[in-house]
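Engineer: File follows, protein-v9.tsv with TSV, C-alpha atoms and all ligand atoms:
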chain	number	residue	atom	x	y	z
F	1	MET	CA	39.01	-72.92	83.66
F	2	ALA	CA	36.30	-73.54	81.02
F	3	ASP	CA	33.72	-74.20	83.74
F	4	GLY	CA	31.10	-72.44	81.67
F	5	SER	CA	30.55	-69.64	84.15
F	6	THR	CA	33.39	-67.36	83.12
F	7	ARG	CA	33.41	-67.34	79.36
F	8	ARG	CA	35.89	-64.88	77.93
F	9	VAL	CA	34.63	-62.60	75.24
F	10	VAL	CA	36.63	-61.01	72.43
F	11	VAL	CA	35.39	-57.88	70.70
F	12	ALA	CA	37.61	-57.15	67.66
F	13	ILE	CA	37.71	-53.68	66.14
F	14	ASP	CA	39.76	-53.14	63.00
F	15	GLY	CA	40.04	-50.23	60.63
F	16	PRO	CA	42.31	-47.56	59.15
F	17	ALA	CA	44.08	-44.74	61.01
F	18	GLY	CA	41.74	-42.08	62.34
F	19	ALA	CA	38.54	-44.14	62.05
F	20	GLY	CA	37.92	-43.70	65.78
F	21	LYS	CA	38.97	-47.17	66.93
F	22	SER	CA	40.82	-46.10	70.08
F	23	THR	CA	38.15	-43.73	71.32
F	24	ILE	CA	35.39	-46.26	70.75
F	25	ALA	CA	37.28	-49.33	71.97
F	26	LYS	CA	38.28	-47.57	75.19
F	27	ARG	CA	34.70	-46.54	75.94
F	28	LEU	CA	33.30	-49.95	75.06
F	29	ALA	CA	35.79	-51.70	77.31
F	30	ALA	CA	34.83	-49.39	80.19
F	31	ARG	CA	31.12	-50.02	79.61
F	32	LEU	CA	31.55	-53.80	79.38
F	33	GLY	CA	34.15	-54.15	82.13
F	34	PHE	CA	36.55	-55.72	79.61
F	35	THR	CA	40.25	-55.05	79.14
F	36	TYR	CA	41.08	-52.54	76.41
F	37	ILE	CA	43.97	-53.58	74.18
F	38	ASP	CA	45.48	-51.13	71.72
F	39	THR	CA	47.59	-53.33	69.45
F	40	GLY	CA	48.84	-50.31	67.49
F	41	ALA	CA	50.52	-49.16	70.71
F	42	MET	CA	52.41	-52.45	70.75
F	43	TYR	CA	53.77	-52.00	67.21
F	44	ARG	CA	54.57	-48.39	68.12
F	45	ALA	CA	56.46	-49.45	71.26
F	46	VAL	CA	58.63	-51.90	69.33
F	47	SER	CA	59.34	-49.33	66.63
F	48	LEU	CA	60.28	-46.74	69.26
F	49	TRP	CA	62.76	-49.21	70.68
F	50	ALA	CA	64.16	-49.89	67.21
F	51	LEU	CA	64.48	-46.16	66.47
F	52	ARG	CA	66.25	-45.52	69.76
F	53	ARG	CA	68.67	-48.37	69.18
F	54	GLY	CA	69.35	-47.21	65.62
F	55	VAL	CA	68.10	-50.52	64.22
F	56	ASP	CA	67.43	-50.53	60.47
F	57	LEU	CA	63.65	-50.84	60.22
F	58	SER	CA	63.94	-53.25	57.32
F	59	ASP	CA	66.29	-55.58	59.22
F	60	MET	CA	64.00	-58.57	59.68
F	61	HIS	CA	66.24	-60.34	62.14
F	62	ARG	CA	66.98	-57.47	64.55
F	63	THR	CA	63.41	-56.14	64.53
F	64	GLU	CA	62.04	-59.60	65.23
F	65	GLN	CA	64.49	-59.95	68.12
F	66	LEU	CA	63.26	-56.67	69.59
F	67	ALA	CA	59.61	-57.59	69.03
F	68	LYS	CA	60.09	-60.89	70.86
F	69	ALA	CA	62.11	-59.39	73.70
F	70	ALA	CA	59.90	-56.32	74.26
F	71	ARG	CA	57.98	-56.32	77.51
F	72	ILE	CA	54.91	-54.29	76.72
F	73	ASP	CA	52.41	-53.42	79.44
F	74	LEU	CA	49.15	-51.74	78.56
F	75	GLU	CA	47.87	-50.41	81.87
F	76	PRO	CA	44.13	-49.98	82.53
F	77	GLY	CA	44.56	-46.20	82.88
F	78	GLY	CA	46.05	-46.01	79.38
F	79	ARG	CA	49.73	-45.87	80.30
F	80	VAL	CA	52.00	-47.81	77.97
F	81	LEU	CA	55.20	-49.29	79.36
F	82	LEU	CA	58.09	-50.62	77.31
F	83	ASN	CA	60.48	-52.75	79.35
F	84	GLY	CA	59.19	-51.01	82.46
F	85	GLU	CA	59.63	-47.47	81.13
F	86	GLU	CA	56.64	-45.26	80.44
F	87	VAL	CA	56.41	-44.47	76.72
F	88	THR	CA	52.75	-43.34	76.56
F	89	ASP	CA	53.51	-40.01	74.90
F	90	ALA	CA	56.75	-40.99	73.17
F	91	ILE	CA	54.94	-43.52	70.94
F	92	ARG	CA	52.36	-40.98	69.71
F	93	THR	CA	54.58	-38.99	67.37
F	94	ALA	CA	54.10	-39.13	63.59
F	95	GLU	CA	57.63	-40.54	63.25
F	96	VAL	CA	56.85	-43.50	65.50
F	97	GLY	CA	53.49	-44.11	63.79
F	98	GLU	CA	55.23	-44.23	60.45
F	99	ALA	CA	57.96	-46.54	61.78
F	100	ALA	CA	55.31	-48.83	63.30
F	101	SER	CA	53.65	-49.19	59.92
F	102	VAL	CA	57.05	-49.98	58.36
F	103	ILE	CA	58.03	-52.74	60.81
F	104	ALA	CA	54.47	-54.09	60.76
F	105	VAL	CA	55.08	-55.51	57.28
F	106	LEU	CA	57.67	-57.93	58.67
F	107	PRO	CA	56.30	-61.43	59.33
F	108	GLY	CA	58.62	-62.07	62.31
F	109	VAL	CA	57.53	-58.88	64.03
F	110	ARG	CA	53.87	-59.73	63.43
F	111	ARG	CA	54.30	-63.26	64.78
F	112	ALA	CA	55.77	-61.91	68.01
F	113	MET	CA	52.99	-59.32	68.39
F	114	VAL	CA	50.20	-61.77	67.60
F	115	GLU	CA	51.53	-64.20	70.19
F	116	LYS	CA	51.49	-61.51	72.88
F	117	GLN	CA	48.01	-60.39	71.81
F	118	ARG	CA	46.60	-63.91	72.00
F	119	GLU	CA	48.06	-64.32	75.49
F	120	MET	CA	46.34	-61.10	76.55
F	121	GLY	CA	43.03	-62.25	75.07
F	122	ALA	CA	43.32	-65.60	76.84
F	123	ARG	CA	43.47	-63.98	80.27
F	124	THR	CA	40.36	-61.78	80.28
F	125	SER	CA	37.52	-60.56	78.11
F	126	VAL	CA	38.90	-57.90	75.79
F	127	VAL	CA	38.05	-55.15	73.39
F	128	MET	CA	41.05	-55.34	71.07
F	129	GLU	CA	41.64	-52.85	68.29
F	130	GLY	CA	44.07	-52.88	65.38
F	131	ARG	CA	44.31	-53.92	61.75
F	132	ASP	CA	44.22	-57.74	61.83
F	133	ILE	CA	42.36	-58.64	65.00
F	134	GLY	CA	39.27	-60.12	63.34
F	135	THR	CA	41.22	-61.67	60.47
F	136	VAL	CA	44.34	-63.10	62.12
F	137	VAL	CA	44.67	-62.60	65.87
F	138	PHE	CA	41.18	-63.76	66.85
F	139	PRO	CA	39.42	-65.16	63.77
F	140	ASN	CA	36.81	-66.60	66.15
F	141	ALA	CA	36.14	-63.32	67.95
F	142	ASP	CA	32.59	-63.04	69.31
F	143	VAL	CA	32.04	-59.65	67.71
F	144	LYS	CA	33.96	-58.17	64.80
F	145	VAL	CA	33.62	-54.61	63.64
F	146	PHE	CA	35.38	-52.91	60.75
F	147	LEU	CA	35.30	-49.25	61.70
F	148	ASP	CA	35.79	-46.79	58.89
F	149	ALA	CA	35.38	-43.07	58.16
F	150	SER	CA	35.90	-40.90	55.11
F	151	GLN	CA	39.45	-39.77	54.36
F	152	PRO	CA	38.77	-36.05	55.13
F	153	GLU	CA	37.10	-36.99	58.41
F	154	ARG	CA	40.00	-39.21	59.42
F	155	VAL	CA	42.47	-36.43	58.63
F	156	ARG	CA	40.36	-33.99	60.65
F	157	ARG	CA	40.31	-36.30	63.69
F	158	ARG	CA	44.04	-36.98	63.56
F	159	LEU	CA	44.69	-33.24	63.28
F	160	ILE	CA	42.72	-32.66	66.47
F	161	ASP	CA	44.69	-35.46	68.21
F	162	PHE	CA	48.04	-34.00	67.21
F	163	GLN	CA	47.02	-30.46	68.13
F	164	ALA	CA	45.83	-31.65	71.54
F	165	GLN	CA	49.27	-33.19	72.06
F	166	GLY	CA	50.94	-29.95	71.03
F	167	GLN	CA	52.52	-31.54	67.96
F	168	PRO	CA	52.75	-29.07	65.08
F	169	VAL	CA	51.46	-30.58	61.85
F	170	THR	CA	49.52	-29.27	58.86
F	171	ALA	CA	46.42	-30.87	57.37
F	172	GLU	CA	48.30	-31.36	54.10
F	173	THR	CA	51.18	-33.24	55.71
F	174	LEU	CA	48.78	-35.34	57.73
F	175	GLU	CA	46.70	-36.20	54.71
F	176	GLU	CA	49.79	-37.38	52.89
F	177	GLN	CA	50.99	-39.41	55.90
F	178	ILE	CA	47.61	-41.08	56.42
F	179	ARG	CA	47.28	-41.92	52.76
F	180	GLU	CA	50.73	-43.46	52.66
F	181	ARG	CA	50.24	-45.40	55.89
F	182	ASP	CA	46.85	-46.78	54.84
F	183	GLN	CA	48.28	-47.82	51.51
F	184	ARG	CA	51.13	-49.67	53.22
F	185	ASP	CA	48.83	-51.28	55.83
F	186	ARG	CA	46.36	-52.42	53.18
F	187	SER	CA	48.82	-53.72	50.63
F	188	ARG	CA	51.33	-55.65	52.74
F	189	ALA	CA	51.53	-59.39	52.10
F	190	GLU	CA	51.27	-60.44	55.73
F	191	ALA	CA	47.96	-59.76	57.52
F	192	PRO	CA	46.98	-56.64	55.57
F	193	LEU	CA	44.33	-54.30	56.88
F	194	ALA	CA	41.12	-55.88	55.62
F	195	GLN	CA	37.57	-56.43	56.68
F	196	ALA	CA	36.94	-60.00	57.87
F	197	PRO	CA	34.10	-61.59	55.88
F	198	ASP	CA	32.00	-61.87	59.03
F	199	ALA	CA	32.79	-58.39	60.38
F	200	VAL	CA	30.15	-55.68	60.57
F	201	TYR	CA	31.14	-52.62	58.53
F	202	LEU	CA	30.50	-49.38	60.34
F	203	ASP	CA	31.13	-45.96	58.80
F	204	SER	CA	31.49	-43.48	61.64
F	205	THR	CA	31.72	-40.38	59.41
F	206	GLY	CA	28.38	-38.82	60.22
F	207	LEU	CA	27.92	-40.45	63.62
F	208	THR	CA	28.64	-39.25	67.14
F	209	ILE	CA	30.90	-41.26	69.42
F	210	GLU	CA	27.82	-42.22	71.45
F	211	GLN	CA	26.00	-43.52	68.37
F	212	VAL	CA	28.94	-45.70	67.33
F	213	GLU	CA	29.32	-46.97	70.89
F	214	GLU	CA	25.64	-47.85	71.16
F	215	GLU	CA	25.66	-49.62	67.82
F	216	ILE	CA	28.57	-51.85	68.82
F	217	LEU	CA	27.09	-52.48	72.28
F	218	ARG	CA	23.95	-53.64	70.54
F	219	LEU	CA	26.03	-56.11	68.51
F	220	VAL	CA	27.79	-57.37	71.62
F	221	ARG	CA	24.52	-57.91	73.45
F	222	ALA	CA	23.01	-59.69	70.45
F	223	ARG	CA	25.96	-62.01	69.92
F	224	VAL	CA	26.94	-62.72	73.49
F	225	SER	CA	23.69	-64.00	74.87
F	226	ASN	CA	24.97	-66.08	77.74
F	227	GLY	CA	22.58	-64.60	80.24
F	228	LYS	CA	24.88	-61.75	81.17
F	229	ASP	CA	23.55	-58.24	80.92
F	230	PHE	CA	26.44	-56.07	79.79
F	231	ARG	CA	25.95	-52.50	80.80
F	301	LIG	O1	46.62	-47.88	65.22
F	301	LIG	P1	47.96	-47.19	65.15
F	301	LIG	O2	47.96	-45.99	64.26
F	301	LIG	O3	48.50	-46.86	66.51
F	301	LIG	O4	48.95	-48.27	64.50
F	301	LIG	C1	50.28	-47.95	64.11
F	301	LIG	C2	50.73	-48.90	62.99
F	301	LIG	O5	50.88	-50.22	63.52
F	301	LIG	C3	49.76	-49.05	61.83
F	301	LIG	O6	50.00	-48.11	60.82
F	301	LIG	C4	50.01	-50.45	61.35
F	301	LIG	C5	50.50	-51.19	62.56
F	301	LIG	N1	49.50	-52.09	63.13
F	301	LIG	C6	49.36	-53.32	62.55
F	301	LIG	O7	49.98	-53.59	61.53
F	301	LIG	N2	48.50	-54.24	63.08
F	301	LIG	C7	47.78	-53.94	64.17
F	301	LIG	N3	46.96	-54.87	64.68
F	301	LIG	C8	47.89	-52.67	64.78
F	301	LIG	C9	48.76	-51.75	64.22
Could you spell out this file's structure in structure tokens?
Structural biologist:
Amino acid sequence: MADGSTRRVVVAIDGPAGAGKSTIAKRLAARLGFTYIDTGAMYRAVSLWALRRGVDLSDMHRTEQLAKAARIDLEPGGRVLLNGEEVTDAIRTAEVGEAASVIAVLPGVRRAMVEKQREMGARTSVVMEGRDIGTVVFPNADVKVFLDASQPERVRRRLIDFQAQGQPVTAETLEEQIRERDQRDRSRAEAPLAQAPDAVYLDSTGLTIEQVEEEILRLVRARVSNGKDFR
């Protein structure tokens, strides 16, 4: 392609658990007509497969094999398929989130995921959210946002998510889980959660979803001035 008329745009949103990435990225993608890509769902899908197969989560070789072999489809309606099977709800448990963070430290697993993510971003314009999108997956993304929120606010949001899914969890347990997961995501050697130097830092703590969405839309419109009016 590269005929100049159909430039693909990448909007990268990174940040810790509970910062509001999924909610915001989904809405932005709908507003812009871009494809929404939840990369956390991809790590979760691979870890679900590993858990089901009884694979040791620290086994670099087996987990990399699974990560490479996994067929992961992120459908526009939000359904997540692993090797053709719907796993939308199955990947949302605390156990799978924890396992995803554990396998995400492994370089082979990350390589396989990044390759799939780059393929997805090469096909259409995307709003992609995760931990390393602006730093590793698409270092040349058109717009990069590091979305954050205070620890108590992130715990509060995750609590609401879990309660909505009917998963029993206390605020104390959740706080501990989030703290541990953030620590692991930020301190791993390979592609740790970090703000890219050219990313815009946005603290969503005191903001409404609409305010965050408008702020990022403003950034997209300012950076992607190829004559298109994104609405
Ligand atoms: O966003 P999430 O909670 O669904 O992500 C689950 C885990 O997957 C997260 O704790 C770390 C890992 N992850 C990652 O390492 N890199 C990404 N781009 C997305 C998720």
Engineer: Would you be able to write out as a list of chain:residue names which residues have an atom within 10 Å of (43.2, -53.4, 57.9) in the file's coordinates, counting all atoms listed in the file?
Structural biologist: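 Those residues lying close to the given coordinates are F:Ile13, F:Asp14, F:Gly15, F:Pro16, F:Ala17, F:Gly130, F:Arg131, F:Asp132, F:Ile133, F:Gly134, F:Thr135, F:Phe146, F:Leu147, F:Asp148, F:Asp182, F:Gln183, F:Arg184, F:Asp185, F:Arg186, F:Ser187, F:Arg188, F:Ala191, F:Pro192, F:Leu193, F:Ala194, F:Gln195, F:Ala196.
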Engineer: Identify the residues within 9 Å of coordinate (55.2, -49.9, 58.8) (same frame as the file), considering all atoms listed in the file, and give the answer as a count of residues only.
Structural biologist: 16
Engineer: Any idea what's packed within 7 Å of range 208-216 of chain F, counting all atoms listed in the file, ignoring anything in its chain fewer than 4 positions away? Could you give it as an MDAnalysis selection string?
Structural biologist: chainID F and resid 24 28 204 220
Engineer: Using only C-alpha atoms and all ligand atoms, which of F:Asp59, F:Asp161, F:Glu153, F:Glu129 sits nearest ligand LIG 301 (chain F)?
Structural biologist: F:Glu129
Engineer: Please report the interatomic distance between CA of Leu217 in chain F and CA of Ala41 in chain F in Å with one decimal.
Structural biologist: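 It comes out at 23.7 Å.
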Engineer: Please, what distance in Å, to one decimal, runs between atom O1 of ligand LIG 301 (chain F) and CA of Thr23 in chain F?
Structural biologist: 11.2 Å
Engineer: Which is closest to Gly33 in chain F among F:Ala164, F:Ala122, F:Ala45, F:Val127, if we use all atoms listed in the file?
Structural biologist: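 Once distances to Gly33 in chain F are computed over all atoms listed in the file, the minimum belongs to F:Val127.
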Engineer: Can you work out which one of F:Asp198, F:Glu95, F:Glu85, F:Asp142 has the shortest atom-to-atom distance to ligand LIG 301 (chain F), counting all atoms listed in the file?
Structural biologist: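 For ligand LIG 301 (chain F), the nearest of the candidates is F:Glu95.
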Engineer: Which one is closest to ligand LIG 301 (chain F): F:Val224, F:Val143, F:Ala12, F:Ala50? Count all atoms listed in the file.
Structural biologist: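 Checking each candidate against ligand LIG 301 (chain F), we get F:Ala12 as the closest.
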Engineer: Quick one: residues within 9 Å of Arg111 in chain F, only C-alpha atoms, excluding same-chain residues fewer than 6 positions away - as a list of chain:residue names?
Structural biologist: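 The contact residues come out as F:Glu64, F:Ala67, F:Lys68.
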Engineer: Between F:Gln167, F:Gln117, F:Gln65, F:Asn140, which is the closest to ligand LIG 301 (chain F) once you count all atoms listed in the file?
Structural biologist: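 Looking at the shortest contact to ligand LIG 301 (chain F), the residue is F:Gln117.
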Engineer: Return the single residue from F:Met42, F:Ala171, F:Val126, F:Val80 that is closest to ligand LIG 301 (chain F), with distances computed using only C-alpha atoms and all ligand atoms.
Structural biologist: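 That would be F:Met42, the residue with the smallest distance to ligand LIG 301 (chain F).
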Engineer: To one decimal in Å, tell me the separation between CA of Leu74 in chain F and CA of Tyr36 in chain F.
Structural biologist: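 CA of Tyr36 in chain F lies 8.4 Å from CA of Leu74 in chain F.
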Engineer: Within 12 Å of Met120 in chain F, counting all atoms listed in the file, which residues qualify if same-chain residues fewer than 6 places away don't, as a VMD selection string?
Structural biologist: chain F and resid 8 to 10 34 to 39 72 to 74 113 to 114 126 to 128 137 to 138
Engineer: Please produce a file of those selected residues containing C-alpha atoms, as a compact mmCIF listing (two decimals), in the coordinates of the input.
Structural biologist:
# COMPACT_ATOMS: atom_id res chain seq x y z
CA ARG F 8 35.89 -64.88 77.93
CA VAL F 9 34.63 -62.60 75.24
CA VAL F 10 36.63 -61.01 72.43
CA PHE F 34 36.55 -55.72 79.61
CA THR F 35 40.25 -55.05 79.14
CA TYR F 36 41.08 -52.54 76.41
CA ILE F 37 43.97 -53.58 74.18
CA ASP F 38 45.48 -51.13 71.72
CA THR F 39 47.59 -53.33 69.45
CA ILE F 72 54.91 -54.29 76.72
CA ASP F 73 52.41 -53.42 79.44
CA LEU F 74 49.15 -51.74 78.56
CA MET F 113 52.99 -59.32 68.39
CA VAL F 114 50.20 -61.77 67.60
CA VAL F 126 38.90 -57.90 75.79
CA VAL F 127 38.05 -55.15 73.39
CA MET F 128 41.05 -55.34 71.07
CA VAL F 137 44.67 -62.60 65.87
CA PHE F 138 41.18 -63.76 66.85
Engineer: Can you rebuild range 14-31 of chain F with N, CA, C and O atoms and give it as a JSON list (two decimals), keeping the file's coordinate frame?
Structural biologist:
[["chain", "number", "residue", "atom", "x", "y", "z"],
["F", 14, "ASP", "N", 38.70, -53.45, 63.96],
["F", 14, "ASP", "CA", 39.76, -53.14, 63.00],
["F", 14, "ASP", "C", 39.35, -51.95, 62.15],
["F", 14, "ASP", "O", 38.16, -51.63, 62.05],
["F", 15, "GLY", "N", 40.34, -51.34, 61.52],
["F", 15, "GLY", "CA", 40.04, -50.23, 60.63],
["F", 15, "GLY", "C", 41.27, -49.37, 60.41],
["F", 15, "GLY", "O", 42.31, -49.57, 61.05],
["F", 16, "PRO", "N", 41.17, -48.42, 59.48],
["F", 16, "PRO", "CA", 42.31, -47.56, 59.15],
["F", 16, "PRO", "C", 42.58, -46.49, 60.22],
["F", 16, "PRO", "O", 41.76, -46.30, 61.12],
["F", 17, "ALA", "N", 43.70, -45.81, 60.08],
["F", 17, "ALA", "CA", 44.08, -44.74, 61.01],
["F", 17, "ALA", "C", 43.03, -43.64, 61.02],
["F", 17, "ALA", "O", 42.55, -43.22, 59.97],
["F", 18, "GLY", "N", 42.66, -43.22, 62.21],
["F", 18, "GLY", "CA", 41.74, -42.08, 62.34],
["F", 18, "GLY", "C", 40.26, -42.44, 62.22],
["F", 18, "GLY", "O", 39.41, -41.56, 62.19],
["F", 19, "ALA", "N", 39.95, -43.73, 62.18],
["F", 19, "ALA", "CA", 38.54, -44.14, 62.05],
["F", 19, "ALA", "C", 37.79, -44.02, 63.37],
["F", 19, "ALA", "O", 36.57, -44.11, 63.40],
["F", 20, "GLY", "N", 38.54, -43.85, 64.46],
["F", 20, "GLY", "CA", 37.92, -43.70, 65.78],
["F", 20, "GLY", "C", 38.02, -44.95, 66.64],
["F", 20, "GLY", "O", 37.36, -45.06, 67.67],
["F", 21, "LYS", "N", 38.87, -45.88, 66.23],
["F", 21, "LYS", "CA", 38.97, -47.17, 66.93],
["F", 21, "LYS", "C", 39.33, -47.01, 68.40],
["F", 21, "LYS", "O", 38.68, -47.61, 69.26],
["F", 22, "SER", "N", 40.36, -46.22, 68.69],
["F", 22, "SER", "CA", 40.82, -46.10, 70.08],
["F", 22, "SER", "C", 39.76, -45.50, 70.98],
["F", 22, "SER", "O", 39.47, -46.03, 72.06],
["F", 23, "THR", "N", 39.18, -44.41, 70.53],
["F", 23, "THR", "CA", 38.15, -43.73, 71.32],
["F", 23, "THR", "C", 37.01, -44.69, 71.63],
["F", 23, "THR", "O", 36.58, -44.83, 72.78],
["F", 24, "ILE", "N", 36.54, -45.37, 70.60],
["F", 24, "ILE", "CA", 35.39, -46.26, 70.75],
["F", 24, "ILE", "C", 35.76, -47.49, 71.58],
["F", 24, "ILE", "O", 35.02, -47.89, 72.49],
["F", 25, "ALA", "N", 36.89, -48.09, 71.28],
["F", 25, "ALA", "CA", 37.28, -49.33, 71.97],
["F", 25, "ALA", "C", 37.47, -49.08, 73.47],
["F", 25, "ALA", "O", 37.07, -49.89, 74.30],
["F", 26, "LYS", "N", 38.05, -47.93, 73.79],
["F", 26, "LYS", "CA", 38.28, -47.57, 75.19],
["F", 26, "LYS", "C", 36.94, -47.45, 75.93],
["F", 26, "LYS", "O", 36.75, -47.97, 77.03],
["F", 27, "ARG", "N", 36.01, -46.75, 75.32],
["F", 27, "ARG", "CA", 34.70, -46.54, 75.94],
["F", 27, "ARG", "C", 33.92, -47.84, 76.07],
["F", 27, "ARG", "O", 33.29, -48.10, 77.09],
["F", 28, "LEU", "N", 34.00, -48.66, 75.02],
["F", 28, "LEU", "CA", 33.30, -49.95, 75.06],
["F", 28, "LEU", "C", 33.84, -50.82, 76.19],
["F", 28, "LEU", "O", 33.06, -51.44, 76.92],
["F", 29, "ALA", "N", 35.16, -50.87, 76.28],
["F", 29, "ALA", "CA", 35.79, -51.70, 77.31],
["F", 29, "ALA", "C", 35.33, -51.24, 78.70],
["F", 29, "ALA", "O", 35.01, -52.07, 79.55],
["F", 30, "ALA", "N", 35.26, -49.92, 78.89],
["F", 30, "ALA", "CA", 34.83, -49.39, 80.19],
["F", 30, "ALA", "C", 33.37, -49.79, 80.45],
["F", 30, "ALA", "O", 33.03, -50.21, 81.56],
["F", 31, "ARG", "N", 32.54, -49.68, 79.44],
["F", 31, "ARG", "CA", 31.12, -50.02, 79.61],
["F", 31, "ARG", "C", 30.92, -51.51, 79.92],
["F", 31, "ARG", "O", 30.06, -51.90, 80.70]]
